[in-house]
Amino acid sequence: MDGNPNKLYTSPMTTLDQTPITQLRGIGAKMRDKLARVGIATIQDVLFHLPLRYMDRTRISPIAGLQGNTEVVIEGEIRGTDVVFGRRRSLICKVQDNTGLITLRFFHFTAAQRNNLTSGARIRCYGEVRRGGAGLELYHPEYELLGEQSSKPLAQNLTPVYPASEGLTQYRLRTIAEQALALLNDANLEELLPNELLSIEGSTSRSNTQQQTSLAEALRFLHQPPASAAVELLAEGLHPAQQRLALEELLAHHLSLQQLRQQIRQHQGPAFAAHTELRGALLKHLPFELTGAQQRVCEEIAQDIAQPVPMLRLLQGDVGSGKTVVAALASLQAIGSGYQAAVMAPTEILAEQHRLNFEAWFTPLDITVVWLTGKLKGKAREVQLERIANGSAQLIVGTHALFQDDVIFHKLGLTVIDEQHRFGVHQRLALREKGPASEPSHQRSVPHQLIMTATPIPRTLAMSVYADLDFSVIDELPAGRTPVNTVAIADQRREEVVQRIRGACGEGNQAYWVCTLIEESETLEAQAAEVTASELALLLPELRIGLVHGRLKPKEKIQVMAAFKAGELDLLVATTVIEVGVDVPNASLMVIENPERLGLAQLHQLRGRVGRGSIASHCVLLYSMPLSQRAKERITVMRQTNDGFVIAEKDLALRGPGEVLGTRQTGELNLRIADLERDAHLLEQVKATASALMTHHPSKVAPIIRRWLGNKERYGQV
Ligand code: ADP
Ligand code: MG
């Protein structure tokens with residue numbers, strides 16, 4: 001780097017998160033925009049933009065001792081440069097030191113480059129050694145011609161390789177990082193973790209020492225590690241310096257969720273007394289008894305919403321475990337106290353199904369159920385909005401249309417969000433704000449919130465992603481369910497599968513045939529389903545076959561589903577639109593075509609559509625060869641177990657948390673350094689550190705959150 005970095009100046013009062021990168025030398029508007037694209041706007045961002053890996057350029061290797069697949073620095077004299085025309089035209093350059101000779105090979109080169117590599121010149125090269133046609137070669141090395149001064153200093157530290165993008169060279173990123181490090185001091189990047197909370201427990205047996213690393217030390221180390229650094233730990237992200245940063249970042253997220261929770265719990269919530277008459281009336285009409293697990297979670301919820309503090313509860317229960325009736329009982333408690341309850345589903349089909357359930361259960365109790373979805377327009381919509389606003393609607397079922405600004409509730413006391421993995425934190429917050437409009441905003445009470453999901457989340461992950469929630473789990477299926485028997489059959493035996501459908505439907509049962517997602521295209525998927533439906537119609541002329549896919553109008557979808565539910569169709573050909581929540585107990589056979597395209601969670605959701613009655617149910621995974629190793633493993637898991645929690649654990653092991661939780665959740669976490677999977681062992685410590693901070697150092701909480709999360713809207717809103 002040219003010049004003295006210390007001549008750069010920032011006011012001692014300005015912290016690095018407030019200092020724009022344009023303060024650094026050589027950064028104009030163009031470079032600023034390029035850096036913005038990799039998320040760098042301030043000097044602090046530069047420091048948090050950590051290397052992906054490192055190269056060792058601290059020593060020169062003798063050419064004779066080189067081995068394949070290693071990164072090296074060599075230095076020698078050019079012995080000749082030629083363009084050769086082999087399979088690919090390339091420029092080769094022979095370099096010799098006093099131990100041996102090696103070839104540099106360039107596939108892309110300029111005439112000027114060729115002319116510069118003159119025989120006799122001294123050259124230093126950085127690159128990876130490969131075994132090529134002419135023995136060991138360096139492909140496309142970085143190089144410097146040394147000219148007369150034969151001893152240019154080598155790097156003192158490992159050389160960082162940064163995440164880059166179009167127009168940002170490694171050289172540029174390195175000089176920017178060097179300048180940023182030169183500015184770093186204790187005043188402008190304050191250590192926020194108190195000493196006693198600083199020690200990171202060794203993350204692996206290899207680093208089993210207690211380390212006290214400050215933030216600034218960790219950053220300096222990671223941008224410029226000494227040549228002696230433990231490169232293996234660094235490569236795995238498990239070096240104490242990396243773990244130090246990961247801990248603080250996870251801590252920031254945990255604290256922000258905790259704070260969110262505290263802020264919400266400072267609000268008033270409506271307290272609902274238990275309403276035994278309504279409850280008894282509903283239970284009397286049900287054709288079944290609640291399971292023990294249902295009773296337990298109903299009790300947990302009933303106690304929560306009897307308190308004047310807003311409930312925030314995540315209800316986990318496998319597909320078919322009976323979450324809907326739990327939601328209904330909670331809603332009754334709100335309605336019995338004169339409040340409204342809203343039940344929100346992720347799709348129109350599911351919203352419609354909830355409407356049918358709730359109407360059947362609540363109309364006999366004289367409770368008015370209305371519904372609101374995005375497709376409801378014009379006059380019809382206005383009528384519903386009016387009923388919601390004037391309070392004549394007591395239970396409101398809908399899709400995310402319930403979030404819209406013009407939906408004003410008369411007196412909303414409880415929101416139930418079904419299948420929450422499809423909704424993000426933002427949407428959850430939006431509904432929290434829809435408390436009773438009749439009260440002035442400063443004393444407006446916040447509705448209770450129950451979030452239901454059939455995608456079980458392993459406990460440690462749940463703790464960090466949903467640290468703002470309490471948990472209830474339905475860990476028992478209603479009695480009398482026979483587990484679904486799952487088989488895998490190759491597509492060559494399709495004919496047999498068609499005969500199975502004929503057999504099942506011939507005995508008065510119903511069946512699904514699911515066509516899976518093709519390249520994320522709803523249109524292609526719909527076409528495939530249409531083709532399959534007409535093929536099956538030819539093969540099974542005696543059956544009544546329906547078709548449902550994402551390209552149908554919502555009304556059409558709902559009509560087909562209703563016909564299937566009423567038993568007017570024998571076979572339903574569907575795309576994955578039926579994945580969530582659809583409930584037709586008489587359906588006992590499901591064929592899933594190309595199951596290899598789906599993840600475990602989705603397969604489990606789909607399969608959960610059968611096995612809802614007392615008849616033995618079957619699921620046929622009709623796969624196409626060849627299967628990838630991963631696909632084989634998934635199919636094996638599906639054949640072995642029906643337990644959603646076991647499947648969730650396997651899913652986590654096979655795919656990692658990012659994919660298990662969906663990009664929405666992990667995307668919202670927006671982790672820069674930490675990795676939920678790699679750093680799962682830190683989560684307990686994160687939790688303990690968070691509560692110690694909140695108790696003993698409350699003034700540090702906001703700055704830590706601000707450092708890692710900025711002033712994101714999400715946290716300001718509440
Ligand atoms: P999920 O948890 O997947 O949303 P549902 O609420 O849709 O499950 O319930 C699945 C089916 O089980 C429904 O037909 C429902 O009426 C029925 N069900 C719920 N609870 C019980 C129970 N305790 N005993 C028998 N059947 C039940
Ligand atoms: Mg459900």
# chains A, B, ... in the order shown; residues from 1 in each chain; ligands from 1

call {"tool": "residues_near_ligand", "arguments": {"ligand": "ligand 2", "cutoff": "10 Å", "atoms": "only C-alpha atoms and all ligand atoms", "output": "JSON list (two decimals) with all heavy atoms, in the first residue's frame"}}
result
[["chain", "number", "residue", "atom", "x", "y", "z"],
["A", 317, "GLY", "N", -47.44, -28.79, 16.21],
["A", 317, "GLY", "CA", -48.13, -30.07, 16.25],
["A", 317, "GLY", "C", -48.07, -30.67, 14.87],
["A", 317, "GLY", "O", -48.29, -29.97, 13.88],
["A", 318, "ASP", "N", -47.78, -31.93, 14.80],
["A", 318, "ASP", "CA", -47.61, -32.59, 13.53],
["A", 318, "ASP", "C", -48.88, -32.49, 12.69],
["A", 318, "ASP", "O", -49.96, -32.23, 13.23],
["A", 318, "ASP", "CB", -47.27, -34.07, 13.80],
["A", 318, "ASP", "CG", -46.46, -34.68, 12.67],
["A", 318, "ASP", "OD1", -46.33, -34.04, 11.61],
["A", 318, "ASP", "OD2", -45.97, -35.80, 12.86],
["A", 319, "VAL", "N", -48.75, -32.71, 11.39],
["A", 319, "VAL", "CA", -49.95, -32.71, 10.55],
["A", 319, "VAL", "C", -50.96, -33.71, 11.10],
["A", 319, "VAL", "O", -50.60, -34.82, 11.47],
["A", 319, "VAL", "CB", -49.63, -33.08, 9.07],
["A", 319, "VAL", "CG1", -49.11, -31.88, 8.32],
["A", 319, "VAL", "CG2", -48.64, -34.22, 8.99],
["A", 320, "GLY", "N", -52.21, -33.27, 11.17],
["A", 320, "GLY", "CA", -53.26, -34.15, 11.65],
["A", 320, "GLY", "C", -53.37, -34.27, 13.15],
["A", 320, "GLY", "O", -54.18, -35.03, 13.67],
["A", 321, "SER", "N", -52.57, -33.50, 13.89],
["A", 321, "SER", "CA", -52.61, -33.63, 15.35],
["A", 321, "SER", "C", -53.80, -32.87, 15.94],
["A", 321, "SER", "O", -54.07, -32.98, 17.13],
["A", 321, "SER", "CB", -51.31, -33.14, 15.97],
["A", 321, "SER", "OG", -51.10, -31.78, 15.69],
["A", 322, "GLY", "N", -54.50, -32.11, 15.12],
["A", 322, "GLY", "CA", -55.71, -31.45, 15.60],
["A", 322, "GLY", "C", -55.47, -30.07, 16.19],
["A", 322, "GLY", "O", -55.94, -29.74, 17.28],
["A", 323, "LYS", "N", -54.79, -29.22, 15.45],
["A", 323, "LYS", "CA", -54.53, -27.87, 15.94],
["A", 323, "LYS", "C", -55.75, -26.96, 15.77],
["A", 323, "LYS", "O", -55.95, -26.04, 16.54],
["A", 323, "LYS", "CB", -53.32, -27.27, 15.18],
["A", 323, "LYS", "CG", -52.01, -28.01, 15.47],
["A", 323, "LYS", "CD", -50.83, -27.36, 14.79],
["A", 323, "LYS", "CE", -50.82, -27.54, 13.29],
["A", 323, "LYS", "NZ", -50.65, -28.93, 12.84],
["A", 324, "THR", "N", -56.56, -27.26, 14.74],
["A", 324, "THR", "CA", -57.66, -26.35, 14.44],
["A", 324, "THR", "C", -58.63, -26.23, 15.62],
["A", 324, "THR", "O", -59.07, -25.14, 15.96],
["A", 324, "THR", "CB", -58.43, -26.84, 13.19],
["A", 324, "THR", "OG1", -57.48, -27.28, 12.23],
["A", 324, "THR", "CG2", -59.25, -25.73, 12.60],
["A", 325, "VAL", "N", -58.92, -27.36, 16.24],
["A", 325, "VAL", "CA", -59.90, -27.31, 17.32],
["A", 325, "VAL", "C", -59.32, -26.57, 18.53],
["A", 325, "VAL", "O", -60.04, -25.90, 19.28],
["A", 325, "VAL", "CB", -60.41, -28.74, 17.67],
["A", 325, "VAL", "CG1", -59.34, -29.57, 18.34],
["A", 325, "VAL", "CG2", -61.66, -28.67, 18.54],
["A", 327, "ALA", "N", -57.38, -23.99, 18.23],
["A", 327, "ALA", "CA", -57.59, -22.59, 17.86],
["A", 327, "ALA", "C", -59.03, -22.18, 18.11],
["A", 327, "ALA", "O", -59.32, -21.07, 18.58],
["A", 327, "ALA", "CB", -57.23, -22.37, 16.39],
["A", 345, "ALA", "N", -54.83, -17.90, 7.42],
["A", 345, "ALA", "CA", -54.22, -19.05, 6.75],
["A", 345, "ALA", "C", -53.38, -18.56, 5.57],
["A", 345, "ALA", "O", -53.62, -17.48, 5.05],
["A", 345, "ALA", "CB", -55.32, -19.99, 6.25],
["A", 350, "LEU", "N", -56.95, -23.17, 2.11],
["A", 350, "LEU", "CA", -56.91, -23.45, 3.53],
["A", 350, "LEU", "C", -57.84, -22.51, 4.30],
["A", 350, "LEU", "O", -58.52, -22.93, 5.23],
["A", 350, "LEU", "CB", -55.47, -23.32, 4.03],
["A", 350, "LEU", "CG", -55.21, -23.97, 5.36],
["A", 350, "LEU", "CD1", -55.61, -25.42, 5.36],
["A", 350, "LEU", "CD2", -53.74, -23.85, 5.71],
["A", 353, "GLN", "N", -61.23, -23.84, 3.93],
["A", 353, "GLN", "CA", -61.45, -25.00, 4.76],
["A", 353, "GLN", "C", -61.68, -24.61, 6.22],
["A", 353, "GLN", "O", -62.56, -25.15, 6.89],
["A", 353, "GLN", "CB", -60.25, -25.90, 4.65],
["A", 353, "GLN", "CG", -60.48, -27.17, 5.37],
["A", 353, "GLN", "CD", -59.35, -28.11, 5.06],
["A", 353, "GLN", "OE1", -59.13, -28.46, 3.91],
["A", 353, "GLN", "NE2", -58.62, -28.47, 6.09],
["A", 354, "HIS", "N", -60.91, -23.66, 6.69],
["A", 354, "HIS", "CA", -61.13, -23.17, 8.06],
["A", 354, "HIS", "C", -62.52, -22.55, 8.18],
["A", 354, "HIS", "O", -63.20, -22.71, 9.17],
["A", 354, "HIS", "CB", -60.08, -22.11, 8.43],
["A", 354, "HIS", "CG", -58.77, -22.70, 8.87],
["A", 354, "HIS", "ND1", -58.69, -23.85, 9.61],
["A", 354, "HIS", "CD2", -57.50, -22.29, 8.69],
["A", 354, "HIS", "CE1", -57.41, -24.12, 9.85],
["A", 354, "HIS", "NE2", -56.67, -23.19, 9.30],
["A", 418, "ASP", "N", -52.14, -19.63, 11.16],
["A", 418, "ASP", "CA", -51.93, -21.05, 10.90],
["A", 418, "ASP", "C", -50.75, -21.24, 9.97],
["A", 418, "ASP", "O", -50.51, -20.43, 9.09],
["A", 418, "ASP", "CB", -53.19, -21.64, 10.27],
["A", 418, "ASP", "CG", -53.20, -23.16, 10.32],
["A", 418, "ASP", "OD1", -52.33, -23.74, 11.02],
["A", 418, "ASP", "OD2", -54.06, -23.77, 9.69],
["A", 419, "GLU", "N", -50.02, -22.32, 10.16],
["A", 419, "GLU", "CA", -48.91, -22.68, 9.28],
["A", 419, "GLU", "C", -47.93, -21.52, 9.17],
["A", 419, "GLU", "O", -47.66, -20.98, 8.12],
["A", 419, "GLU", "CB", -49.42, -23.06, 7.89],
["A", 419, "GLU", "CG", -50.45, -24.17, 7.89],
["A", 419, "GLU", "CD", -49.93, -25.48, 8.48],
["A", 419, "GLU", "OE1", -48.72, -25.62, 8.66],
["A", 419, "GLU", "OE2", -50.76, -26.35, 8.76],
["A", 452, "MET", "N", -49.52, -21.24, 14.74],
["A", 452, "MET", "CA", -49.57, -22.70, 14.67],
["A", 452, "MET", "C", -48.72, -23.18, 13.52],
["A", 452, "MET", "O", -48.81, -22.68, 12.41],
["A", 452, "MET", "CB", -51.01, -23.16, 14.45],
["A", 452, "MET", "CG", -51.96, -22.57, 15.47],
["A", 452, "MET", "SD", -53.51, -23.47, 15.58],
["A", 452, "MET", "CE", -54.22, -23.17, 13.97],
["A", 453, "THR", "N", -47.91, -24.17, 13.77],
["A", 453, "THR", "CA", -47.10, -24.71, 12.69],
["A", 453, "THR", "C", -47.02, -26.22, 12.75],
["A", 453, "THR", "O", -46.99, -26.81, 13.81],
["A", 453, "THR", "CB", -45.67, -24.13, 12.68],
["A", 453, "THR", "OG1", -44.93, -24.76, 11.64],
["A", 453, "THR", "CG2", -44.96, -24.36, 13.99],
["A", 454, "ALA", "N", -47.04, -26.83, 11.55],
["A", 454, "ALA", "CA", -46.88, -28.27, 11.47],
["A", 454, "ALA", "C", -45.46, -28.62, 11.07],
["A", 454, "ALA", "O", -45.15, -29.75, 10.78],
["A", 454, "ALA", "CB", -47.86, -28.85, 10.45],
["A", 580, "VAL", "N", -50.78, -27.83, 2.15],
["A", 580, "VAL", "CA", -51.01, -27.41, 3.52],
["A", 580, "VAL", "C", -52.44, -27.65, 4.00],
["A", 580, "VAL", "O", -53.39, -27.20, 3.38],
["A", 580, "VAL", "CB", -50.66, -25.92, 3.66],
["A", 580, "VAL", "CG1", -51.02, -25.42, 5.03],
["A", 580, "VAL", "CG2", -49.19, -25.69, 3.39],
["A", 581, "GLY", "N", -52.56, -28.38, 5.08],
["A", 581, "GLY", "CA", -53.79, -28.34, 5.87],
["A", 581, "GLY", "C", -55.07, -28.96, 5.35],
["A", 581, "GLY", "O", -56.03, -29.07, 6.07],
["A", 582, "VAL", "N", -55.11, -29.37, 4.07],
["A", 582, "VAL", "CA", -56.37, -29.87, 3.54],
["A", 582, "VAL", "C", -56.78, -31.16, 4.27],
["A", 582, "VAL", "O", -55.96, -32.02, 4.54],
["A", 582, "VAL", "CB", -56.23, -30.13, 2.02],
["A", 582, "VAL", "CG1", -57.42, -30.90, 1.50],
["A", 582, "VAL", "CG2", -56.07, -28.82, 1.30],
["A", 583, "ASP", "N", -58.06, -31.25, 4.58],
["A", 583, "ASP", "CA", -58.51, -32.32, 5.45],
["A", 583, "ASP", "C", -59.69, -33.08, 4.86],
["A", 583, "ASP", "O", -60.82, -32.62, 4.90],
["A", 583, "ASP", "CB", -58.90, -31.70, 6.81],
["A", 583, "ASP", "CG", -59.27, -32.76, 7.82],
["A", 583, "ASP", "OD1", -58.68, -33.86, 7.76],
["A", 583, "ASP", "OD2", -60.13, -32.49, 8.66]]

call {"tool": "residues_around", "arguments": {"residues": "Ile74 (chain A)", "least_positions_apart": "3", "cutoff": "9 Å", "atoms": "only C-alpha atoms", "output": "VMD selection string"}}
result
chain A and resid 59 to 63 97 123 to 127

call {"tool": "write_last_selection", "arguments": {"atoms": "all heavy atoms", "output": "short mmCIF file (atom, residue, chain, number, x, y, z; two decimals), in the first residue's frame"}}
result
data_model
loop_
_atom_site.label_atom_id
_atom_site.label_comp_id
_atom_site.auth_asym_id
_atom_site.auth_seq_id
_atom_site.Cartn_x
_atom_site.Cartn_y
_atom_site.Cartn_z
N ARG A 59 6.08 -16.82 2.70
CA ARG A 59 7.40 -17.37 2.39
C ARG A 59 7.44 -17.94 0.98
O ARG A 59 6.41 -18.29 0.39
CB ARG A 59 7.79 -18.45 3.40
CG ARG A 59 6.83 -19.55 3.51
CD ARG A 59 6.95 -20.23 4.88
NE ARG A 59 5.63 -20.73 5.23
CZ ARG A 59 5.14 -21.86 4.78
NH1 ARG A 59 5.86 -22.64 4.00
NH2 ARG A 59 3.92 -22.24 5.08
N ILE A 60 8.64 -17.98 0.46
CA ILE A 60 8.86 -18.44 -0.90
C ILE A 60 9.23 -19.91 -0.87
O ILE A 60 10.04 -20.34 -0.06
CB ILE A 60 10.00 -17.63 -1.55
CG1 ILE A 60 9.52 -16.18 -1.72
CG2 ILE A 60 10.45 -18.23 -2.87
CD1 ILE A 60 10.61 -15.22 -2.11
N SER A 61 8.57 -20.69 -1.75
CA SER A 61 8.88 -22.12 -1.77
C SER A 61 9.89 -22.41 -2.88
O SER A 61 9.79 -21.86 -3.98
CB SER A 61 7.62 -22.93 -2.07
OG SER A 61 6.63 -22.63 -1.12
N PRO A 62 10.84 -23.29 -2.60
CA PRO A 62 11.76 -23.72 -3.66
C PRO A 62 11.00 -24.55 -4.68
O PRO A 62 10.17 -25.40 -4.30
CB PRO A 62 12.80 -24.57 -2.92
CG PRO A 62 12.36 -24.67 -1.51
CD PRO A 62 11.12 -23.90 -1.29
N ILE A 63 11.23 -24.30 -5.95
CA ILE A 63 10.46 -24.94 -7.00
C ILE A 63 10.59 -26.47 -6.95
O ILE A 63 9.60 -27.18 -7.14
CB ILE A 63 10.89 -24.39 -8.38
CG1 ILE A 63 10.41 -22.94 -8.50
CG2 ILE A 63 10.34 -25.24 -9.53
CD1 ILE A 63 10.88 -22.20 -9.73
N ASP A 97 14.32 -21.33 -10.53
CA ASP A 97 15.10 -20.83 -9.38
C ASP A 97 16.30 -21.75 -9.22
O ASP A 97 16.52 -22.63 -10.07
CB ASP A 97 14.24 -20.73 -8.11
CG ASP A 97 13.82 -22.08 -7.56
OD1 ASP A 97 14.27 -23.12 -8.10
OD2 ASP A 97 13.04 -22.11 -6.59
N ILE A 123 10.86 -12.74 -11.49
CA ILE A 123 9.40 -12.72 -11.32
C ILE A 123 9.04 -13.41 -10.01
O ILE A 123 9.72 -14.36 -9.58
CB ILE A 123 8.72 -13.42 -12.53
CG1 ILE A 123 7.20 -13.27 -12.46
CG2 ILE A 123 9.09 -14.89 -12.59
CD1 ILE A 123 6.51 -13.74 -13.75
N ARG A 124 8.01 -12.88 -9.35
CA ARG A 124 7.46 -13.58 -8.18
C ARG A 124 6.02 -13.94 -8.51
O ARG A 124 5.27 -13.09 -9.01
CB ARG A 124 7.50 -12.67 -6.95
CG ARG A 124 7.00 -13.37 -5.69
CD ARG A 124 6.98 -12.47 -4.49
NE ARG A 124 8.33 -12.16 -4.02
CZ ARG A 124 8.59 -11.21 -3.12
NH1 ARG A 124 7.62 -10.47 -2.61
NH2 ARG A 124 9.83 -10.97 -2.73
N CYS A 125 5.64 -15.18 -8.25
CA CYS A 125 4.30 -15.65 -8.63
C CYS A 125 3.56 -16.22 -7.42
O CYS A 125 4.16 -16.90 -6.58
CB CYS A 125 4.38 -16.78 -9.66
SG CYS A 125 5.39 -16.42 -11.06
N TYR A 126 2.24 -15.97 -7.40
CA TYR A 126 1.37 -16.52 -6.36
C TYR A 126 0.34 -17.37 -7.07
O TYR A 126 -0.35 -16.87 -7.96
CB TYR A 126 0.63 -15.41 -5.62
CG TYR A 126 1.50 -14.29 -5.15
CD1 TYR A 126 1.66 -13.15 -5.94
CD2 TYR A 126 2.13 -14.36 -3.91
CE1 TYR A 126 2.44 -12.10 -5.50
CE2 TYR A 126 2.92 -13.30 -3.48
CZ TYR A 126 3.08 -12.17 -4.27
OH TYR A 126 3.85 -11.15 -3.84
N GLY A 127 0.20 -18.62 -6.69
CA GLY A 127 -0.81 -19.40 -7.38
C GLY A 127 -0.88 -20.83 -6.89
O GLY A 127 -0.18 -21.23 -5.97
#

call {"tool": "atom_distance", "arguments": {"atom1": "CA of Glu289 (chain A)", "atom2": "CA of Ala479 (chain A)"}}
result
9.5 Å

call {"tool": "select_by_dssp", "arguments": {"residues": "region 213-335 of chain A", "states": "strand (DSSP E or B)", "output": "ChimeraX atom specification"}}
result
/A:226,312-317

call {"tool": "closest_residue", "arguments": {"among": "A:Thr58, A:Gln156, A:Thr368, A:Gln295", "to": "ligand 1", "atoms": "only C-alpha atoms and all ligand atoms"}}
result
A:Gln295

call {"tool": "closest_residue", "arguments": {"among": "A:Val72, A:Leu606, A:Leu66, A:Leu376", "to": "ligand 1", "atoms": "only C-alpha atoms and all ligand atoms"}}
result
A:Leu606

call {"tool": "atom_distance", "arguments": {"atom1": "CA of Glu348 (chain A)", "atom2": "CA of Arg551 (chain A)"}}
result
12.8 Å

call {"tool": "select_by_dssp", "arguments": {"residues": "region 266-339 of chain A", "states": "alpha helix (DSSP H)", "output": "number ranges by chain"}}
result
A: 266, 276-285, 292-305, 323-336

call {"tool": "atom_distance", "arguments": {"atom1": "CA of Met590 (chain A)", "atom2": "CA of Pro287 (chain A)"}}
result
25.3 Å

call {"tool": "closest_residue", "arguments": {"among": "A:Gly292, A:Gly508, A:Gly546, A:Gly39", "to": "ligand 1", "atoms": "only C-alpha atoms and all ligand atoms"}}
result
A:Gly292

call {"tool": "closest_residue", "arguments": {"among": "A:Leu600, A:Leu184, A:Val610, A:Leu104", "to": "ligand 1", "atoms": "only C-alpha atoms and all ligand atoms"}}
result
A:Val610

call {"tool": "closest_residue", "arguments": {"among": "A:Glu496, A:Glu249, A:Glu75, A:Glu352", "to": "Lys557 (chain A)", "atoms": "only C-alpha atoms"}}
result
A:Glu352

call {"tool": "closest_residue", "arguments": {"among": "A:Ala674, A:Leu24, A:Ile558, A:Ile264", "to": "Leu312 (chain A)", "atoms": "only C-alpha atoms"}}
result
A:Ile264

call {"tool": "residues_around", "arguments": {"residues": "Val473 (chain A)", "least_positions_apart": "4", "cutoff": "9 Å", "atoms": "only C-alpha atoms", "output": "JSON, numbers by chain"}}
result
{"A": [293, 294, 297, 314, 315, 316, 317, 318]}

call {"tool": "write_last_selection", "arguments": {"atoms": "C-alpha atoms", "output": "PDB file, in the first residue's frame"}}
result
ATOM      1  CA  ALA A 293     -51.992 -33.300  24.405  1.00  0.00           C
ATOM      2  CA  GLN A 294     -54.770 -31.129  23.006  1.00  0.00           C
ATOM      3  CA  VAL A 297     -52.072 -27.059  25.241  1.00  0.00           C
ATOM      4  CA  LEU A 314     -46.020 -20.938  19.040  1.00  0.00           C
ATOM      5  CA  LEU A 315     -48.087 -24.105  18.846  1.00  0.00           C
ATOM      6  CA  GLN A 316     -46.263 -26.949  17.190  1.00  0.00           C
ATOM      7  CA  GLY A 317     -48.132 -30.071  16.245  1.00  0.00           C
ATOM      8  CA  ASP A 318     -47.605 -32.594  13.526  1.00  0.00           C
TER       9      ASP A 318
END

call {"tool": "residues_around", "arguments": {"residues": "Asp33 (chain A)", "least_positions_apart": "3", "cutoff": "12 Å", "atoms": "only C-alpha atoms", "output": "JSON, numbers by chain"}}
result
{"A": [20, 21, 22, 27, 28, 29, 30, 36, 37, 38, 39, 40, 41, 165, 166, 167, 168]}

call {"tool": "residues_around", "arguments": {"residues": "Thr523 (chain A)", "least_positions_apart": "6", "cutoff": "10 Å", "atoms": "only C-alpha atoms", "output": "list in words"}}
result
Leu517, Ala529, His549, Gly550 and Arg551 of chain A
